[in-house]
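Dumped input_38.tsv below, it's TSV, C-alpha atoms:
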```
chain	number	residue	atom	x	y	z
A	741	MET	CA	91.97	-51.98	94.08
A	742	GLY	CA	91.19	-54.17	91.09
A	743	PRO	CA	89.16	-57.36	91.04
A	744	HIS	CA	90.41	-60.61	92.53
A	745	PRO	CA	92.97	-62.35	90.25
A	746	ALA	CA	90.52	-65.17	89.50
A	747	VAL	CA	87.80	-62.71	88.52
A	748	ALA	CA	90.28	-60.71	86.43
A	749	ALA	CA	91.41	-63.85	84.58
A	750	ILE	CA	87.83	-64.89	83.87
A	751	ARG	CA	86.86	-61.45	82.60
A	752	LEU	CA	89.94	-61.15	80.40
A	753	ALA	CA	89.20	-64.49	78.72
A	754	VAL	CA	85.60	-63.42	78.10
A	755	ARG	CA	86.61	-59.96	76.87
A	756	ARG	CA	88.86	-61.48	74.20
A	757	VAL	CA	86.13	-63.75	72.88
A	758	LEU	CA	83.50	-60.99	72.90
A	759	HIS	CA	85.90	-58.72	71.03
A	760	ASP	CA	86.34	-61.42	68.36
A	761	ILE	CA	82.56	-61.80	68.06
A	762	LEU	CA	82.08	-58.04	67.74
A	763	THR	CA	84.81	-57.80	65.08
A	764	GLU	CA	83.17	-60.60	63.07
A	765	HIS	CA	79.75	-58.96	63.45
A	766	THR	CA	80.87	-55.52	62.29
A	767	SER	CA	82.71	-56.97	59.29
A	768	THR	CA	79.62	-58.89	58.14
A	769	PRO	CA	77.25	-57.07	55.72
A	770	HIS	CA	73.87	-56.21	57.28
A	771	THR	CA	70.54	-55.27	55.73
A	772	ALA	CA	69.98	-52.12	57.79
A	773	ALA	CA	69.25	-48.90	55.89
A	774	PRO	CA	72.29	-46.66	55.23
A	775	HIS	CA	71.31	-44.18	57.99
A	776	GLU	CA	70.65	-46.95	60.52
A	777	ARG	CA	73.24	-48.60	62.73
A	778	PRO	CA	73.40	-52.39	62.43
A	779	PRO	CA	71.79	-54.16	65.42
A	780	SER	CA	74.04	-55.05	68.33
A	781	PRO	CA	75.07	-58.71	68.31
A	782	LEU	CA	73.52	-61.02	70.88
A	783	VAL	CA	75.50	-63.69	72.72
A	784	LEU	CA	73.91	-66.42	74.81
A	785	VAL	CA	75.59	-68.07	77.79
A	786	ALA	CA	74.83	-71.77	78.26
A	787	CYS	CA	74.50	-72.02	82.04
A	788	SER	CA	73.88	-75.11	84.15
A	789	GLY	CA	74.22	-73.24	87.42
A	790	GLY	CA	77.61	-74.86	88.10
A	791	ALA	CA	80.73	-72.87	88.98
A	792	ASP	CA	82.17	-72.80	85.45
A	793	SER	CA	79.06	-71.52	83.73
A	794	MET	CA	78.08	-69.13	86.56
A	795	ALA	CA	81.54	-67.57	86.41
A	796	LEU	CA	81.08	-67.28	82.65
A	797	ALA	CA	77.62	-65.71	82.98
A	798	SER	CA	78.89	-63.16	85.50
A	799	ALA	CA	81.86	-62.19	83.33
A	800	VAL	CA	79.72	-61.86	80.22
A	801	ALA	CA	77.20	-59.71	82.10
A	802	PHE	CA	80.09	-57.45	83.17
A	803	GLU	CA	81.99	-57.26	79.87
A	804	ALA	CA	79.30	-57.36	77.16
A	805	PRO	CA	77.68	-53.95	77.87
A	806	LYS	CA	81.08	-52.23	77.68
A	807	LEU	CA	81.41	-53.50	74.10
A	808	GLY	CA	77.83	-52.77	73.11
A	809	ILE	CA	76.94	-56.45	72.95
A	810	ARG	CA	73.61	-57.80	74.16
A	811	ALA	CA	73.87	-60.84	76.42
A	812	GLY	CA	71.37	-63.51	77.41
A	813	GLY	CA	71.45	-66.89	79.10
A	814	ILE	CA	70.01	-70.34	78.47
A	815	THR	CA	69.78	-73.25	80.87
A	816	VAL	CA	68.79	-76.70	79.66
A	817	ASP	CA	66.58	-78.87	81.86
A	818	HIS	CA	67.43	-82.48	81.00
A	819	GLY	CA	64.71	-83.80	83.29
A	820	LEU	CA	67.04	-86.49	84.66
A	821	GLN	CA	66.61	-85.66	88.36
A	822	PRO	CA	63.63	-84.95	90.61
A	823	GLY	CA	62.98	-81.23	90.87
A	824	SER	CA	65.06	-80.39	87.82
A	825	GLU	CA	62.47	-77.90	86.56
A	826	LEU	CA	62.66	-75.95	89.86
A	827	ARG	CA	66.44	-75.91	89.69
A	828	ALA	CA	66.32	-74.65	86.11
A	829	ALA	CA	63.94	-71.88	87.21
A	830	GLU	CA	66.44	-70.88	89.93
A	831	VAL	CA	69.22	-70.66	87.36
A	832	VAL	CA	67.05	-68.44	85.13
A	833	LEU	CA	66.41	-66.17	88.11
A	834	ARG	CA	70.15	-65.89	88.77
A	835	LEU	CA	70.81	-65.06	85.13
A	836	ARG	CA	68.20	-62.30	85.22
A	837	GLU	CA	69.69	-60.93	88.45
A	838	LEU	CA	73.01	-60.65	86.63
A	839	GLY	CA	71.24	-58.57	83.97
A	840	LEU	CA	71.15	-61.17	81.20
A	841	ASP	CA	68.21	-60.84	78.81
A	842	PRO	CA	66.75	-63.01	77.39
A	843	ALA	CA	67.13	-65.61	80.13
A	844	GLU	CA	65.18	-68.82	79.77
A	845	SER	CA	65.02	-72.53	80.51
A	846	ILE	CA	64.53	-75.16	77.83
A	847	ALA	CA	63.24	-78.61	78.78
A	848	VAL	CA	64.52	-81.48	76.65
A	849	ARG	CA	63.86	-85.17	76.37
A	850	VAL	CA	67.02	-87.25	76.63
A	851	GLY	CA	67.10	-90.37	74.47
A	852	ARG	CA	69.27	-93.43	74.82
A	853	ASP	CA	71.43	-93.46	71.68
A	854	GLY	CA	75.14	-93.66	72.46
A	855	GLY	CA	74.68	-93.96	76.23
A	856	PRO	CA	73.35	-91.49	78.82
A	857	GLU	CA	76.17	-88.97	78.59
A	858	ALA	CA	76.16	-88.77	74.80
A	859	ALA	CA	72.35	-88.67	74.66
A	860	ALA	CA	72.21	-85.81	77.18
A	861	ARG	CA	74.90	-83.93	75.25
A	862	ASP	CA	73.04	-84.36	71.95
A	863	ALA	CA	69.79	-83.12	73.49
A	864	ARG	CA	71.55	-80.15	75.08
A	865	TYR	CA	73.24	-78.99	71.88
A	866	ALA	CA	70.03	-79.40	69.90
A	867	ALA	CA	68.29	-77.13	72.41
A	868	LEU	CA	71.10	-74.56	72.30
A	869	ASP	CA	71.11	-74.60	68.50
A	870	SER	CA	67.36	-73.99	68.48
A	871	ALA	CA	67.65	-71.14	70.98
A	872	ALA	CA	70.47	-69.50	69.01
A	873	VAL	CA	68.41	-69.57	65.81
A	874	ARG	CA	65.23	-68.39	67.53
A	875	HIS	CA	66.95	-65.40	69.15
A	876	GLY	CA	69.28	-64.66	66.25
A	877	ALA	CA	72.33	-65.04	68.48
A	878	ALA	CA	75.77	-64.41	67.05
A	879	ALA	CA	77.30	-67.00	69.38
A	880	VAL	CA	76.69	-69.33	72.31
A	881	LEU	CA	79.35	-69.28	75.03
A	882	LEU	CA	80.23	-72.47	76.91
A	883	GLY	CA	82.08	-72.76	80.22
A	884	HIS	CA	84.38	-75.71	79.44
A	885	THR	CA	87.70	-75.37	81.26
A	886	ARG	CA	91.19	-76.77	80.82
A	887	ASP	CA	90.22	-79.61	83.16
A	888	ASP	CA	87.28	-80.51	80.90
A	889	GLN	CA	89.67	-80.47	77.97
A	890	ALA	CA	92.06	-82.87	79.71
A	891	GLU	CA	89.18	-85.25	80.45
A	892	THR	CA	88.03	-85.09	76.83
A	893	VAL	CA	91.52	-85.95	75.56
A	894	LEU	CA	91.74	-88.99	77.87
A	895	LEU	CA	88.28	-90.18	76.81
A	896	GLY	CA	89.36	-89.87	73.17
A	897	LEU	CA	92.52	-91.81	73.91
A	898	ALA	CA	90.48	-94.58	75.55
A	899	ARG	CA	88.25	-94.83	72.47
A	900	GLY	CA	91.25	-95.17	70.19
A	901	SER	CA	89.61	-92.96	67.60
A	902	GLY	CA	92.72	-91.25	66.29
A	903	ILE	CA	94.29	-87.83	66.42
A	904	ARG	CA	91.02	-85.95	65.98
A	905	SER	CA	89.71	-87.43	69.24
A	906	LEU	CA	92.92	-86.35	70.97
A	907	SER	CA	92.38	-82.78	69.80
A	908	GLY	CA	89.59	-82.37	72.34
A	909	MET	CA	87.21	-79.43	72.17
A	910	ALA	CA	87.82	-76.52	69.83
A	911	ALA	CA	87.75	-72.93	71.10
A	912	VAL	CA	85.39	-72.24	68.19
A	913	SER	CA	83.05	-74.92	66.83
A	914	GLY	CA	79.58	-75.56	65.46
A	915	ALA	CA	77.82	-74.21	62.40
A	916	GLY	CA	79.32	-70.85	61.46
A	917	GLY	CA	81.49	-70.87	64.60
A	918	ARG	CA	78.42	-70.66	66.82
A	919	TYR	CA	80.01	-72.15	69.94
A	920	ARG	CA	82.81	-70.34	71.77
A	921	ARG	CA	84.77	-71.67	74.76
A	922	PRO	CA	86.63	-68.82	76.48
A	923	PHE	CA	87.93	-70.89	79.42
A	924	LEU	CA	89.94	-73.65	77.71
A	925	GLN	CA	93.16	-72.10	79.03
A	926	LEU	CA	91.81	-71.66	82.57
A	927	ASP	CA	91.48	-74.33	85.23
A	928	ARG	CA	88.28	-75.30	87.02
A	929	GLN	CA	89.56	-73.95	90.33
A	930	THR	CA	89.87	-70.44	88.89
A	931	ALA	CA	86.20	-70.45	87.91
A	932	ARG	CA	85.15	-71.75	91.32
A	933	LYS	CA	87.29	-69.14	93.06
A	934	ALA	CA	85.75	-66.39	90.93
A	935	CYS	CA	82.28	-67.48	92.02
A	936	MET	CA	83.28	-67.62	95.66
A	937	VAL	CA	84.80	-64.12	95.84
A	938	GLN	CA	81.75	-62.68	94.05
A	939	SER	CA	79.33	-64.61	96.31
A	940	LEU	CA	77.72	-66.22	93.29
A	941	PRO	CA	75.52	-69.19	94.25
A	942	VAL	CA	76.70	-72.41	92.63
A	943	TRP	CA	74.90	-75.70	92.10
A	944	ASP	CA	76.99	-78.87	92.03
A	945	ASP	CA	75.34	-81.43	89.76
A	946	PRO	CA	75.32	-84.80	91.57
A	947	HIS	CA	75.89	-86.51	88.21
A	948	ASN	CA	79.40	-84.99	88.24
A	949	ALA	CA	80.22	-87.14	91.28
A	950	ASP	CA	78.26	-90.24	90.22
A	951	PRO	CA	80.65	-93.13	89.45
A	952	ALA	CA	78.07	-94.55	87.04
A	953	TYR	CA	79.26	-91.93	84.54
A	954	THR	CA	82.56	-92.42	82.75
A	955	ARG	CA	83.59	-88.77	82.89
A	956	SER	CA	82.85	-88.66	86.62
A	957	ARG	CA	85.09	-91.67	87.28
A	958	LEU	CA	87.82	-90.09	85.19
A	959	ARG	CA	87.50	-86.78	87.05
A	960	HIS	CA	87.53	-88.20	90.57
A	961	GLU	CA	89.65	-91.33	90.13
A	962	GLY	CA	91.51	-91.38	86.81
A	963	LEU	CA	93.10	-87.92	86.69
A	964	PRO	CA	94.06	-87.88	90.40
A	965	ALA	CA	95.72	-91.28	89.90
A	966	LEU	CA	97.65	-89.95	86.90
A	967	GLU	CA	98.81	-86.91	88.84
A	968	LYS	CA	99.88	-89.12	91.73
A	969	ALA	CA	101.89	-91.36	89.39
A	970	LEU	CA	103.29	-88.71	87.05
A	971	GLY	CA	103.28	-85.57	89.16
A	972	LYS	CA	101.47	-82.26	88.82
A	973	GLY	CA	101.04	-80.77	85.39
A	974	VAL	CA	99.15	-83.66	83.78
A	975	VAL	CA	96.08	-81.51	83.08
A	976	GLU	CA	98.17	-78.77	81.48
A	977	ALA	CA	100.09	-81.32	79.39
A	978	LEU	CA	96.89	-82.96	78.16
A	979	ALA	CA	95.40	-79.59	77.20
A	980	ARG	CA	98.62	-78.77	75.32
A	981	THR	CA	98.40	-82.14	73.58
A	982	ALA	CA	94.87	-81.25	72.50
A	983	GLN	CA	96.03	-78.07	70.78
A	984	LEU	CA	98.99	-79.76	69.06
A	985	SER	CA	96.78	-82.63	67.93
A	986	ARG	CA	94.19	-80.19	66.60
A	987	ASP	CA	96.82	-78.39	64.53
A	988	ASP	CA	98.02	-81.70	63.06
A	989	ALA	CA	94.48	-82.95	62.43
A	990	ASP	CA	93.52	-79.70	60.69
A	991	ALA	CA	96.55	-79.97	58.41
A	992	LEU	CA	95.73	-83.59	57.52
A	993	ASP	CA	92.09	-82.69	56.88
A	994	THR	CA	93.21	-79.98	54.45
A	995	TRP	CA	95.53	-82.43	52.70
A	996	ALA	CA	92.72	-84.99	52.42
A	997	SER	CA	90.33	-82.39	50.97
A	998	GLN	CA	92.86	-81.47	48.31
A	999	ALA	CA	93.71	-85.11	47.51
A	1000	GLU	CA	90.13	-86.35	47.26
A	1001	ALA	CA	89.45	-84.97	43.78
A	1002	ALA	CA	92.54	-86.77	42.41
A	1003	VAL	CA	91.38	-90.22	43.59
A	1004	ARG	CA	87.91	-90.03	42.05
A	1005	ASP	CA	87.12	-91.09	38.49
A	1006	ALA	CA	84.97	-89.15	36.04
A	1007	ALA	CA	81.80	-90.61	37.59
A	1008	GLY	CA	82.89	-89.67	41.11
A	1009	GLY	CA	83.89	-93.19	42.17
A	1010	LEU	CA	86.86	-93.76	44.47
A	1011	GLU	CA	89.73	-95.51	42.67
A	1012	CYS	CA	91.44	-98.05	44.93
A	1013	ALA	CA	94.87	-97.87	43.26
A	1014	LYS	CA	95.05	-94.11	43.73
A	1015	LEU	CA	93.81	-94.37	47.30
A	1016	TYR	CA	96.47	-97.00	48.01
A	1017	ALA	CA	99.19	-94.56	46.97
A	1018	LEU	CA	98.18	-92.01	49.62
A	1019	PRO	CA	99.54	-91.92	53.19
A	1020	PRO	CA	97.20	-93.91	55.47
A	1021	ALA	CA	96.19	-90.86	57.54
A	1022	VAL	CA	95.08	-89.00	54.41
A	1023	ARG	CA	93.40	-92.04	52.82
A	1024	ARG	CA	91.36	-92.85	55.92
A	1025	ARG	CA	90.12	-89.29	56.15
A	1026	ILE	CA	88.83	-89.54	52.58
A	1027	LEU	CA	87.13	-92.85	53.40
A	1028	ARG	CA	85.53	-91.45	56.54
A	1029	ARG	CA	84.21	-88.42	54.69
A	1030	ALA	CA	82.80	-90.59	51.92
A	1031	ALA	CA	81.05	-92.83	54.45
A	1032	ILE	CA	79.47	-89.82	56.18
A	1033	GLU	CA	78.34	-88.38	52.86
A	1034	ALA	CA	76.67	-91.72	52.12
A	1035	GLY	CA	74.67	-91.51	55.35
A	1036	ALA	CA	76.82	-92.97	58.14
A	1037	PRO	CA	76.33	-90.92	61.36
A	1038	ALA	CA	79.63	-89.24	62.23
A	1039	GLY	CA	79.18	-89.88	65.95
A	1040	SER	CA	78.78	-93.63	65.40
A	1041	LEU	CA	81.61	-94.04	62.92
A	1042	PHE	CA	84.69	-95.23	64.80
A	1043	ALA	CA	88.28	-95.93	63.80
A	1044	ARG	CA	87.66	-99.69	63.63
A	1045	HIS	CA	84.96	-99.10	60.98
A	1046	ILE	CA	87.32	-97.10	58.79
A	1047	GLU	CA	90.08	-99.68	59.29
A	1048	GLU	CA	87.77	-102.38	57.93
A	1049	VAL	CA	87.00	-100.26	54.88
A	1050	ASP	CA	90.69	-99.48	54.48
A	1051	ARG	CA	91.46	-103.20	54.23
A	1052	LEU	CA	89.36	-103.33	51.06
A	1053	ILE	CA	92.17	-101.22	49.61
A	1054	THR	CA	95.32	-102.35	51.40
A	1055	GLY	CA	94.48	-105.99	52.10
A	1056	TRP	CA	92.21	-106.98	49.22
A	1057	ARG	CA	91.54	-110.73	49.21
A	1058	GLY	CA	88.14	-110.74	47.56
A	1059	GLN	CA	86.35	-110.16	50.87
A	1060	GLY	CA	82.68	-109.22	51.05
A	1061	ALA	CA	80.98	-105.92	51.77
A	1062	ILE	CA	81.55	-103.93	54.95
A	1063	ASN	CA	78.48	-102.81	56.91
A	1064	LEU	CA	78.75	-99.40	58.57
A	1065	PRO	CA	76.41	-97.53	60.94
A	1066	GLY	CA	73.47	-95.86	59.24
A	1067	LYS	CA	72.92	-98.92	57.01
A	1068	VAL	CA	75.81	-97.82	54.81
A	1069	VAL	CA	77.44	-100.63	52.83
A	1070	VAL	CA	80.93	-100.49	51.32
A	1071	ARG	CA	82.15	-102.97	48.70
A	1072	ARG	CA	84.97	-103.13	46.18
A	1073	GLN	CA	83.94	-103.56	42.55
A	1074	GLY	CA	86.18	-103.33	39.51
A	1075	GLY	CA	88.98	-101.56	41.34
A	1076	ARG	CA	86.64	-98.96	42.83
A	1077	LEU	CA	84.90	-98.52	46.18
A	1078	VAL	CA	81.12	-98.36	46.11
A	1079	ILE	CA	79.71	-96.68	49.22
A	1080	ARG	CA	75.95	-96.36	49.53
A	1081	GLN	CA	73.06	-96.89	51.91
A	1082	GLY	CA	71.31	-100.21	51.79
```
Can the structure in the file be given as structure tokens, please?
Amino acid sequence: MGPHPAVAAIRLAVRRVLHDILTEHTSTPHTAAPHERPPSPLVLVACSGGADSMALASAVAFEAPKLGIRAGGITVDHGLQPGSELRAAEVVLRLRELGLDPAESIAVRVGRDGGPEAAARDARYAALDSAAVRHGAAAVLLGHTRDDQAETVLLGLARGSGIRSLSGMAAVSGAGGRYRRPFLQLDRQTARKACMVQSLPVWDDPHNADPAYTRSRLRHEGLPALEKALGKGVVEALARTAQLSRDDADALDTWASQAEAAVRDAAGGLECAKLYALPPAVRRRILRRAAIEAGAPAGSLFARHIEEVDRLITGWRGQGAINLPGKVVVRRQGGRLVIRQG
């Protein structure tokens, strides 16, 4: 008798991603001597101790050795709750019991920029980036599910930040494709079921049920209300929207990259007349990229900022400079946009 269907689905998703990582690793030149085999790639599982990441850790521990891949686990202690360091130590113990090595906890200090959820996310990814570099990991695996994707799409829709926000989380992201999300096509219940049938202990973060957090309200109130009003299948439809939006956004990004050189003068300045001739979706991508290159933080640069800059091109009435996050200033001078800090 084979494994439970939930366990089989989890393992299959992980196997596919590990196979991709192994293929990339073997096709990359290594510095080993001719008679030596290149070192086995290392993958790290980001594990909070919740059902999604515990299911992921278990599947990686099962599948990685069969492919000759080393597997470890990292848990991040955000220090936001009493006893968090003890809970992190328990997660490390569970990871080691699964056979993951290295397995470690990283304590971080969560700031306040962008709100508690964004600050915690920034601290977490910084810690995971550091761990990946320190251990020489080929990839870091994350347990985000289709439900998480649906929530991300709705949050992007609420921000009104354009098609890129609606594209949700990518299956592969980060520097050099560091982050991999095997479960974006699987629902949260499958992961929880996989943990249950394997008797894996699971910790439910109380923050996930705290209405003070936007994502928690969306999870427990917003999505159920949508399903009640529109019927089942909302989560699947939102996840499908994410993929379609990502395909469109990628195509527009490519178009903008190709068009950018044609709208710059010999000194590299952006010519307003040439920008005006472009479709708005392409033009705004060029403006956003230019603002980021000048020092505007990408995470703080919203659609309304780019719309204000865009009006210097499409609605020019002699208006003054536009102030962007990161102390970036944009003004129109002599038919060109000047974008610089200070």
Non-local contacts of stretch 885-902 of chain A (8 Å; all atoms listed in the file; under 6 positions in same chain excluded) as an mmCIF file with C-alpha atoms, in the coordinates of the input:
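Generated file (around-v5.cif):
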```cif
data_model
loop_
_atom_site.group_PDB
_atom_site.id
_atom_site.type_symbol
_atom_site.label_atom_id
_atom_site.label_comp_id
_atom_site.auth_asym_id
_atom_site.auth_seq_id
_atom_site.Cartn_x
_atom_site.Cartn_y
_atom_site.Cartn_z
ATOM 1 C CA ASP A 792 82.170 -72.800 85.450
ATOM 2 C CA GLY A 908 89.590 -82.370 72.340
ATOM 3 C CA MET A 909 87.210 -79.430 72.170
ATOM 4 C CA PHE A 923 87.930 -70.890 79.420
ATOM 5 C CA LEU A 924 89.940 -73.650 77.710
ATOM 6 C CA GLN A 925 93.160 -72.100 79.030
ATOM 7 C CA LEU A 926 91.810 -71.660 82.570
ATOM 8 C CA ASP A 927 91.480 -74.330 85.230
ATOM 9 C CA ARG A 928 88.280 -75.300 87.020
ATOM 10 C CA ARG A 955 83.590 -88.770 82.890
ATOM 11 C CA LEU A 958 87.820 -90.090 85.190
ATOM 12 C CA ARG A 959 87.500 -86.780 87.050
ATOM 13 C CA LEU A 963 93.100 -87.920 86.690
ATOM 14 C CA VAL A 975 96.080 -81.510 83.080
ATOM 15 C CA GLU A 976 98.170 -78.770 81.480
ATOM 16 C CA LEU A 978 96.890 -82.960 78.160
ATOM 17 C CA ALA A 979 95.400 -79.590 77.200
ATOM 18 C CA ALA A 982 94.870 -81.250 72.500
ATOM 19 C CA PHE A 1042 84.690 -95.230 64.800
ATOM 20 C CA ALA A 1043 88.280 -95.930 63.800
#
```
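Counting all atoms listed in the file, A:Ile1026 has the following residues at most 10 Å away, ignoring those fewer than 6 positions along the same chain: Asp993, Trp995, Ala996, Ser997, Gln998, Ala999, Glu1000, Ala1001, Val1003, Leu1010, Leu1015, Pro1020 and Ile1046 of chain A.
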Limited to C-alpha atoms, could you put the picked residues into a file as a PDB file, keeping the file's coordinate frame?
```pdb
ATOM      1  CA  ASP A 993      92.090 -82.690  56.880  1.00  0.00           C
ATOM      2  CA  TRP A 995      95.530 -82.430  52.700  1.00  0.00           C
ATOM      3  CA  ALA A 996      92.720 -84.990  52.420  1.00  0.00           C
ATOM      4  CA  SER A 997      90.330 -82.390  50.970  1.00  0.00           C
ATOM      5  CA  GLN A 998      92.860 -81.470  48.310  1.00  0.00           C
ATOM      6  CA  ALA A 999      93.710 -85.110  47.510  1.00  0.00           C
ATOM      7  CA  GLU A1000      90.130 -86.350  47.260  1.00  0.00           C
ATOM      8  CA  ALA A1001      89.450 -84.970  43.780  1.00  0.00           C
ATOM      9  CA  VAL A1003      91.380 -90.220  43.590  1.00  0.00           C
ATOM     10  CA  LEU A1010      86.860 -93.760  44.470  1.00  0.00           C
ATOM     11  CA  LEU A1015      93.810 -94.370  47.300  1.00  0.00           C
ATOM     12  CA  PRO A1020      97.200 -93.910  55.470  1.00  0.00           C
ATOM     13  CA  ILE A1046      87.320 -97.100  58.790  1.00  0.00           C
TER      14      ILE A1046
END
```
With only C-alpha atoms as the basis for distance, which of A:Ala863, A:Leu782, A:Leu807, A:Cys787 is at the shortest distance from A:Arg755? A:Leu807
Residues within 10 Å of A:Leu784, please, as a VMD selection string. Count only C-alpha atoms; anything in the same chain fewer than 4 positions from it doesn't count. chain A and resid 797 800 810 to 814 840 to 843 868 871 to 872 875 to 882 919
For C-alpha atoms, I'd like the residues from the last selection saved as a PDB file, in the frame of the given file.
```
ATOM      1  CA  ALA A 797      77.620 -65.710  82.980  1.00  0.00           C
ATOM      2  CA  VAL A 800      79.720 -61.860  80.220  1.00  0.00           C
ATOM      3  CA  ARG A 810      73.610 -57.800  74.160  1.00  0.00           C
ATOM      4  CA  ALA A 811      73.870 -60.840  76.420  1.00  0.00           C
ATOM      5  CA  GLY A 812      71.370 -63.510  77.410  1.00  0.00           C
ATOM      6  CA  GLY A 813      71.450 -66.890  79.100  1.00  0.00           C
ATOM      7  CA  ILE A 814      70.010 -70.340  78.470  1.00  0.00           C
ATOM      8  CA  LEU A 840      71.150 -61.170  81.200  1.00  0.00           C
ATOM      9  CA  ASP A 841      68.210 -60.840  78.810  1.00  0.00           C
ATOM     10  CA  PRO A 842      66.750 -63.010  77.390  1.00  0.00           C
ATOM     11  CA  ALA A 843      67.130 -65.610  80.130  1.00  0.00           C
ATOM     12  CA  LEU A 868      71.100 -74.560  72.300  1.00  0.00           C
ATOM     13  CA  ALA A 871      67.650 -71.140  70.980  1.00  0.00           C
ATOM     14  CA  ALA A 872      70.470 -69.500  69.010  1.00  0.00           C
ATOM     15  CA  HIS A 875      66.950 -65.400  69.150  1.00  0.00           C
ATOM     16  CA  GLY A 876      69.280 -64.660  66.250  1.00  0.00           C
ATOM     17  CA  ALA A 877      72.330 -65.040  68.480  1.00  0.00           C
ATOM     18  CA  ALA A 878      75.770 -64.410  67.050  1.00  0.00           C
ATOM     19  CA  ALA A 879      77.300 -67.000  69.380  1.00  0.00           C
ATOM     20  CA  VAL A 880      76.690 -69.330  72.310  1.00  0.00           C
ATOM     21  CA  LEU A 881      79.350 -69.280  75.030  1.00  0.00           C
ATOM     22  CA  LEU A 882      80.230 -72.470  76.910  1.00  0.00           C
ATOM     23  CA  TYR A 919      80.010 -72.150  69.940  1.00  0.00           C
TER      24      TYR A 919
END
```
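Residues surrounding A:Pro745 within 10 Å are Gly742, Ala748, Ala749, Ile750, Arg751, Thr930, Lys933 and Ala934 of chain A [only C-alpha atoms; sequence separation below 3 positions excluded].
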Need the shell around A:Val937: protein/DNA/RNA residues with any atom at most 12 Å away, counting all atoms listed in the file. Skip same-chain ones fewer than 6 positions apart. Format as a PyMOL selection string? chain A and resi 743-748+791+795+798+930-931
Next, dump the selected residues to file, keeping only C-alpha atoms, as a CSV table (one decimal), keeping the file's coordinate frame.
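out_21.csv, freshly written:
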```csv
chain,number,residue,atom,x,y,z
A,743,PRO,CA,89.2,-57.4,91.0
A,744,HIS,CA,90.4,-60.6,92.5
A,745,PRO,CA,93.0,-62.4,90.2
A,746,ALA,CA,90.5,-65.2,89.5
A,747,VAL,CA,87.8,-62.7,88.5
A,748,ALA,CA,90.3,-60.7,86.4
A,791,ALA,CA,80.7,-72.9,89.0
A,795,ALA,CA,81.5,-67.6,86.4
A,798,SER,CA,78.9,-63.2,85.5
A,930,THR,CA,89.9,-70.4,88.9
A,931,ALA,CA,86.2,-70.4,87.9
```
For A:Thr763, the closest of A:Ile809, A:Val832, A:Leu796, A:Tyr1016 counting all atoms listed in the file is A:Ile809
So the first atom is atom CA of A:Gly1075 and the second is atom CA of A:Ala1038; what is the distance between them in Å, to one decimal place? 26.0 Å
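Here atom CA of A:Gly789 and atom CA of A:Ser939 stand 13.4 Å from one another.
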Could you tell me how far atom CA of A:Arg904 lies from atom CA of A:His884, in Å and to one decimal? 18.2 Å
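Counting only C-alpha atoms, the residue from A:Gly1009, A:His1045, A:Ile1062, A:Pro946 that sits nearest to A:Val1078 is A:Gly1009.
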Is there a way to complete stretch 844-852 of chain A with N, CA, C and O atoms and then write that out as an mmCIF file, keeping the file's coordinate frame?
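The file below, selection38.cif, is the result:
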```
data_model
loop_
_atom_site.group_PDB
_atom_site.id
_atom_site.type_symbol
_atom_site.label_atom_id
_atom_site.label_comp_id
_atom_site.auth_asym_id
_atom_site.auth_seq_id
_atom_site.Cartn_x
_atom_site.Cartn_y
_atom_site.Cartn_z
ATOM 1 N N GLU A 844 66.263 -67.841 79.824
ATOM 2 C CA GLU A 844 65.180 -68.820 79.770
ATOM 3 C C GLU A 844 65.688 -70.238 80.002
ATOM 4 O O GLU A 844 66.880 -70.524 79.878
ATOM 5 N N SER A 845 64.757 -71.106 80.337
ATOM 6 C CA SER A 845 65.020 -72.530 80.510
ATOM 7 C C SER A 845 64.376 -73.297 79.375
ATOM 8 O O SER A 845 63.262 -72.966 78.956
ATOM 9 N N ILE A 846 65.066 -74.315 78.890
ATOM 10 C CA ILE A 846 64.530 -75.160 77.830
ATOM 11 C C ILE A 846 64.532 -76.603 78.331
ATOM 12 O O ILE A 846 65.577 -77.147 78.699
ATOM 13 N N ALA A 847 63.352 -77.212 78.366
ATOM 14 C CA ALA A 847 63.240 -78.610 78.780
ATOM 15 C C ALA A 847 63.456 -79.506 77.573
ATOM 16 O O ALA A 847 62.940 -79.235 76.481
ATOM 17 N N VAL A 848 64.249 -80.556 77.746
ATOM 18 C CA VAL A 848 64.520 -81.480 76.650
ATOM 19 C C VAL A 848 64.207 -82.904 77.100
ATOM 20 O O VAL A 848 64.120 -83.206 78.295
ATOM 21 N N ARG A 849 64.069 -83.748 76.109
ATOM 22 C CA ARG A 849 63.860 -85.170 76.370
ATOM 23 C C ARG A 849 65.130 -85.899 75.944
ATOM 24 O O ARG A 849 65.528 -85.841 74.780
ATOM 25 N N VAL A 850 65.756 -86.561 76.893
ATOM 26 C CA VAL A 850 67.020 -87.250 76.630
ATOM 27 C C VAL A 850 66.745 -88.674 76.170
ATOM 28 O O VAL A 850 66.058 -89.433 76.852
ATOM 29 N N GLY A 851 67.284 -89.015 75.000
ATOM 30 C CA GLY A 851 67.100 -90.370 74.470
ATOM 31 C C GLY A 851 68.101 -91.332 75.052
ATOM 32 O O GLY A 851 68.673 -91.103 76.131
ATOM 33 N N ARG A 852 68.365 -92.402 74.329
ATOM 34 C CA ARG A 852 69.270 -93.430 74.820
ATOM 35 C C ARG A 852 70.431 -93.718 73.870
ATOM 36 O O ARG A 852 71.344 -94.455 74.222
#
```
